[in-house]
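Enquirer: Pasting my_file.txt below, which is compact mmCIF, C-alpha atoms.
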# COMPACT_ATOMS: atom_id res chain seq x y z
CA MET B 28 4.46 -3.39 -8.17
CA LEU B 29 2.72 -4.87 -11.11
CA LEU B 30 1.89 -8.47 -10.35
CA THR B 31 0.05 -10.57 -12.84
CA GLY B 32 -0.37 -13.87 -11.01
CA SER B 33 -0.13 -15.65 -7.69
CA THR B 34 2.37 -14.84 -4.95
CA ASN B 35 4.09 -18.21 -4.90
CA ASN B 36 7.87 -18.28 -5.18
CA GLN B 37 7.83 -18.64 -8.97
CA PRO B 38 8.65 -15.38 -10.78
CA GLN B 39 5.66 -13.95 -12.62
CA SER B 40 5.76 -12.27 -15.98
CA ALA B 41 5.57 -8.56 -15.33
CA GLN B 42 6.53 -5.65 -17.50
CA PRO B 43 9.05 -3.15 -16.14
CA PRO B 44 7.58 0.08 -14.80
CA ASP B 45 7.46 2.96 -17.21
CA SER B 46 6.95 5.95 -14.92
CA TYR B 47 8.25 6.99 -11.54
CA PHE B 48 6.74 8.93 -8.70
CA ASP B 49 8.61 12.10 -7.87
CA ILE B 50 9.95 11.38 -4.40
CA PRO B 51 13.44 12.72 -3.81
CA THR B 52 15.78 9.91 -2.83
CA THR B 53 17.29 12.28 -0.26
CA LEU B 54 13.94 12.29 1.57
CA LEU B 55 13.92 8.50 1.56
CA GLY B 56 17.47 8.56 2.91
CA ARG B 57 16.45 10.83 5.79
CA LEU B 58 13.59 8.47 6.54
CA GLY B 59 15.93 5.46 6.49
CA PHE B 60 14.52 4.04 3.25
CA SER B 61 17.21 5.04 0.73
CA HIS B 62 17.67 1.38 -0.26
CA LEU B 63 14.03 1.35 -1.46
CA ALA B 64 14.48 4.15 -4.00
CA ARG B 65 14.37 1.68 -6.89
CA TYR B 66 11.04 0.30 -5.66
CA ILE B 67 9.19 3.60 -5.90
CA THR B 68 7.33 2.89 -9.07
CA THR B 69 3.97 2.74 -10.69
CA SER B 70 3.07 1.64 -14.17
CA ASN B 71 0.87 2.75 -17.03
CA LEU B 72 0.58 -0.97 -17.81
CA LEU B 73 -2.22 -1.12 -15.26
CA ARG B 74 -4.28 1.20 -17.43
CA GLN B 75 -3.49 -0.83 -20.53
CA SER B 76 -3.96 -4.29 -19.03
CA MET B 77 -7.50 -4.12 -17.69
CA PRO B 78 -10.51 -1.86 -17.38
CA LYS B 79 -10.20 -1.44 -13.60
CA PRO B 80 -6.71 -1.61 -12.07
CA GLN B 81 -6.27 -3.28 -8.68
CA VAL B 82 -4.34 -1.53 -5.89
CA VAL B 83 -3.35 -3.25 -2.64
CA TRP B 84 -2.71 -0.78 0.17
CA PHE B 85 -0.31 -2.38 2.62
CA LYS B 86 -0.75 -0.89 6.08
CA ARG B 87 0.48 -2.95 9.04
CA ASP B 88 0.25 -6.40 7.50
CA LEU B 89 3.48 -6.27 5.52
CA ARG B 90 3.72 -9.77 4.09
CA ILE B 91 2.59 -11.48 0.92
CA GLN B 92 1.92 -14.99 2.20
CA ASP B 93 -1.67 -15.56 3.34
CA HIS B 94 -2.57 -11.92 2.60
CA THR B 95 -6.30 -11.87 1.81
CA ALA B 96 -6.34 -8.39 0.25
CA LEU B 97 -3.41 -9.20 -2.05
CA GLN B 98 -4.89 -12.53 -3.11
CA ALA B 99 -8.26 -10.91 -3.87
CA ALA B 100 -6.62 -8.20 -5.97
CA LEU B 101 -4.45 -10.66 -7.89
CA SER B 102 -7.48 -12.80 -8.67
CA GLN B 103 -8.98 -9.77 -10.45
CA GLY B 104 -5.97 -8.80 -12.55
CA ALA B 105 -2.83 -6.71 -12.66
CA THR B 106 -2.10 -5.29 -9.22
CA LEU B 107 -0.15 -2.33 -7.86
CA ALA B 108 1.31 -2.95 -4.37
CA LEU B 109 1.28 0.32 -2.42
CA TYR B 110 2.82 1.34 0.89
CA VAL B 111 2.28 4.90 2.13
CA LEU B 112 4.53 6.47 4.75
CA GLU B 113 2.07 8.72 6.54
CA PRO B 114 3.77 11.54 8.49
CA HIS B 115 0.66 12.16 10.62
CA LEU B 116 0.73 8.55 11.81
CA TRP B 117 4.20 9.13 13.20
CA GLU B 118 2.99 12.20 15.10
CA GLN B 119 0.65 10.04 17.21
CA PRO B 120 1.57 9.56 20.89
CA THR B 121 1.75 5.78 20.38
CA ALA B 122 4.52 6.03 17.75
CA SER B 123 8.04 5.30 18.88
CA LEU B 124 11.55 4.82 17.56
CA ARG B 125 11.18 1.04 18.00
CA HIS B 126 8.04 1.09 15.84
CA TRP B 127 9.93 3.05 13.17
CA GLN B 128 12.86 0.60 13.22
CA LEU B 129 10.51 -2.37 12.94
CA LEU B 130 8.61 -0.71 10.10
CA ARG B 131 11.78 0.01 8.12
CA GLU B 132 12.79 -3.63 8.33
CA ALA B 133 9.28 -4.89 7.49
CA VAL B 134 8.89 -2.61 4.43
CA SER B 135 12.34 -3.67 3.23
CA ASN B 136 11.40 -7.32 3.61
CA LEU B 137 8.09 -6.72 1.82
CA ALA B 138 9.91 -5.13 -1.12
CA ILE B 139 12.23 -8.14 -1.31
CA GLU B 140 9.32 -10.62 -1.13
CA LEU B 141 7.45 -8.76 -3.87
CA GLN B 142 10.55 -8.66 -6.05
CA ARG B 143 10.96 -12.43 -5.65
CA ALA B 144 7.32 -12.81 -6.71
CA GLY B 145 8.00 -10.82 -9.87
CA GLY B 146 6.79 -7.37 -8.86
CA GLU B 147 7.76 -4.17 -7.12
CA LEU B 148 6.55 -2.06 -4.24
CA CYS B 149 5.25 1.46 -4.82
CA VAL B 150 6.25 3.57 -1.79
CA ARG B 151 4.75 7.02 -1.33
CA VAL B 152 5.14 9.64 1.41
CA GLY B 153 2.14 11.75 2.44
CA ALA B 154 -1.49 11.62 3.41
CA ILE B 155 -3.25 8.58 1.96
CA GLU B 156 -6.03 10.69 0.44
CA GLN B 157 -3.44 12.70 -1.53
CA VAL B 158 -1.73 9.53 -2.73
CA LEU B 159 -5.07 8.06 -3.81
CA SER B 160 -5.89 11.30 -5.64
CA GLU B 161 -2.63 11.05 -7.56
CA LEU B 162 -3.32 7.42 -8.46
CA HIS B 163 -6.84 8.39 -9.53
CA LEU B 164 -5.44 11.07 -11.84
CA GLN B 165 -3.05 8.56 -13.37
CA PHE B 166 -5.27 5.48 -13.65
CA GLY B 167 -8.81 6.75 -13.40
CA SER B 168 -11.07 4.47 -11.40
CA PHE B 169 -9.40 1.56 -9.63
CA HIS B 170 -10.27 -1.04 -7.00
CA LEU B 171 -8.53 -0.46 -3.64
CA HIS B 172 -7.95 -3.52 -1.45
CA ALA B 173 -6.70 -3.40 2.16
CA HIS B 174 -6.86 -5.27 5.40
CA GLU B 175 -9.23 -3.83 7.96
CA GLU B 176 -6.81 -2.41 10.46
CA THR B 177 -7.48 -2.79 14.15
CA GLY B 178 -5.47 -0.22 16.01
CA GLU B 179 -5.88 3.20 17.42
CA ALA B 180 -8.51 5.87 16.88
CA TRP B 181 -6.32 7.75 14.37
CA THR B 182 -6.07 4.78 11.97
CA TYR B 183 -9.79 4.07 12.34
CA ALA B 184 -10.64 7.70 11.48
CA ARG B 185 -8.18 7.61 8.56
CA ASP B 186 -9.78 4.46 7.17
CA GLN B 187 -13.21 6.09 7.43
CA ARG B 188 -11.84 9.09 5.48
CA VAL B 189 -10.45 6.71 2.85
CA ALA B 190 -13.83 4.98 2.51
CA GLN B 191 -15.49 8.38 2.08
CA TRP B 192 -12.87 9.49 -0.47
CA CYS B 193 -13.36 6.27 -2.44
CA SER B 194 -17.14 6.71 -2.42
CA GLN B 195 -16.84 10.30 -3.67
CA HIS B 196 -14.41 9.36 -6.46
CA GLY B 197 -16.05 6.17 -7.74
CA VAL B 198 -13.28 3.93 -6.42
CA GLN B 199 -14.33 0.54 -5.10
CA PHE B 200 -12.83 -0.06 -1.62
CA SER B 201 -12.71 -3.58 -0.22
CA GLU B 202 -11.48 -4.15 3.32
CA TYR B 203 -10.75 -7.66 4.55
CA ARG B 204 -10.75 -8.77 8.17
CA ASN B 205 -7.33 -9.88 9.25
CA PHE B 206 -8.00 -11.32 12.70
CA GLY B 207 -10.89 -12.28 14.93
CA VAL B 208 -11.10 -8.66 16.09
CA PHE B 209 -14.00 -6.67 14.66
CA ARG B 210 -13.61 -2.94 14.24
CA GLY B 211 -16.36 -0.46 15.03
CA LEU B 212 -18.27 -2.56 17.54
CA LYS B 213 -19.66 -0.78 20.57
So that I can check it, write out the structure of this file as structure tokens.

Expert:
Amino acid sequence: MLLTGSTNNQPQSAQPPDSYFDIPTTLLGRLGFSHLARYITTSNLLRQSMPKPQVVWFKRDLRIQDHTALQAALSQGATLALYVLEPHLWEQPTASLRHWQLLREAVSNLAIELQRAGGELCVRVGAIEQVLSELHLQFGSFHLHAHEETGEAWTYARDQRVAQWCSQHGVQFSEYRNFGVFRGLK
């Protein structure tokens, strides 16, 4: 998604995407996301529009209203909205069919909300570090925004790996607290 303004209900001026990630639509169909195939986009306009592109990584908070990470990114310029389907997350003992069904609906609703706001959702499948590496190859340095997720040990360890990856690749990573729960306290 390339958003260039606020997330109110007024359409924003955004250029159409000019490149597509190579995710077979048959894979999306098997995952139950075939209707999102048209949302799997990224744009070279990010590189052209500003020195440091903004990327919002949607994890569990799949809404655009009152979304601190999204608002922070939009205030800094053109923004790519990213959702990553992480196969290893679904291998965790806490994952269930009900979670998957809820996620499918929430990602679909997010894509619709973003479209109404004048943008699109970039959906990728794989490990987040690999997805970030691909974005880094395409855009160079960018600023990654995300909510600080409070969940299980696997997501905490993943977020620590992401912070380390960002540090090693010169990518600024900003995490925003979402609730009154503080992660990492002992």

Enquirer: If you measure from atom CA of B:Ile91 to atom CA of B:His174, what distance in Å do you get, rounded to one decimal?

Expert: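 Between atom CA of B:Ile91 and atom CA of B:His174 the gap works out to 12.2 Å.
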
Enquirer: Provide the atom CA of B:Glu156 to atom CA of B:Ala122 distance in Å, to one decimal place.

Expert: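 So the answer is 20.8 Å.
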
Enquirer: Using only C-alpha atoms, which residue out of B:Glu175, B:Leu124, B:His163, B:Phe85 lies closest to B:Ala138?

Expert: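 Closest candidate: B:Phe85.
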
Enquirer: May I have the protein, DNA and RNA residues with any atom at most 7 Å from the point (4.4, 4.2, 4.5), counting all atoms listed in the file, written as a VMD selection string?

Expert: chain B and resid 110 to 113 150 to 152

Enquirer: Using Å and a single decimal, report how far atom CA of B:Glu161 sits from atom CA of B:Val198.

Expert: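 So the answer is 12.9 Å.
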
Enquirer: Which is closer to B:His94 than all the others in B:Ala180, B:His126, B:Gln187, B:Ala173, using all atoms listed in the file?

Expert: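 Under the stated criterion, the closest residue is B:Ala173.
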
Enquirer: Using all atoms listed in the file, can you tell me which of B:Ala190, B:Leu162, B:Leu171, B:Ile155 comes closest to B:Ala96?

Expert: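 Using all atoms listed in the file, the shortest distance to B:Ala96 belongs to B:Leu171.
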
Enquirer: Determine the axis-aligned bounding box of all atoms of stretch 190-203 of chain B present in the file, pad each side by 8 Å, and express its centre and edge lengths in Å to one decimal place as JSON.

Expert:
{"center_x": -13.9, "center_y": 1.3, "center_z": -1.6, "size_x": 22.4, "size_y": 34.0, "size_z": 28.3}

Enquirer: Name the residues in contact with B:Arg90 at a cut-off of 9 Å, using only C-alpha atoms, excluding same-chain residues fewer than 4 positions from it; report them as a short mmCIF file (atom, residue, chain, number, x, y, z; two decimals) with C-alpha atoms, keeping the file's coordinate frame.

Expert:
data_model
loop_
_atom_site.label_atom_id
_atom_site.label_comp_id
_atom_site.auth_asym_id
_atom_site.auth_seq_id
_atom_site.Cartn_x
_atom_site.Cartn_y
_atom_site.Cartn_z
CA PHE B 85 -0.31 -2.38 2.62
CA HIS B 94 -2.57 -11.92 2.60
CA ALA B 133 9.28 -4.89 7.49
CA VAL B 134 8.89 -2.61 4.43
CA ASN B 136 11.40 -7.32 3.61
CA LEU B 137 8.09 -6.72 1.82
CA GLU B 140 9.32 -10.62 -1.13
CA LEU B 141 7.45 -8.76 -3.87
#

Enquirer: Give me the residues within 10 Å of B:Trp181 as a PyMOL selection string, counting all atoms listed in the file and dropping any in the same chain fewer than 3 places off.

Expert: chain B and resi 115-116+119+178+184-187

Enquirer: I want to know what sits within 10 Å of B:Gln199, based on all atoms listed in the file, with residues of the same chain fewer than 5 positions away left out; could you give that as number ranges by chain?

Expert: B: 79, 81, 168-172, 190, 193-194

Enquirer: Taking only C-alpha atoms into account, name the residue in B:Gln157, B:Asn205, B:Ser102, B:Gln128 that is nearest to B:Pro80.

Expert: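 Smallest distance to B:Pro80 is found for B:Ser102.
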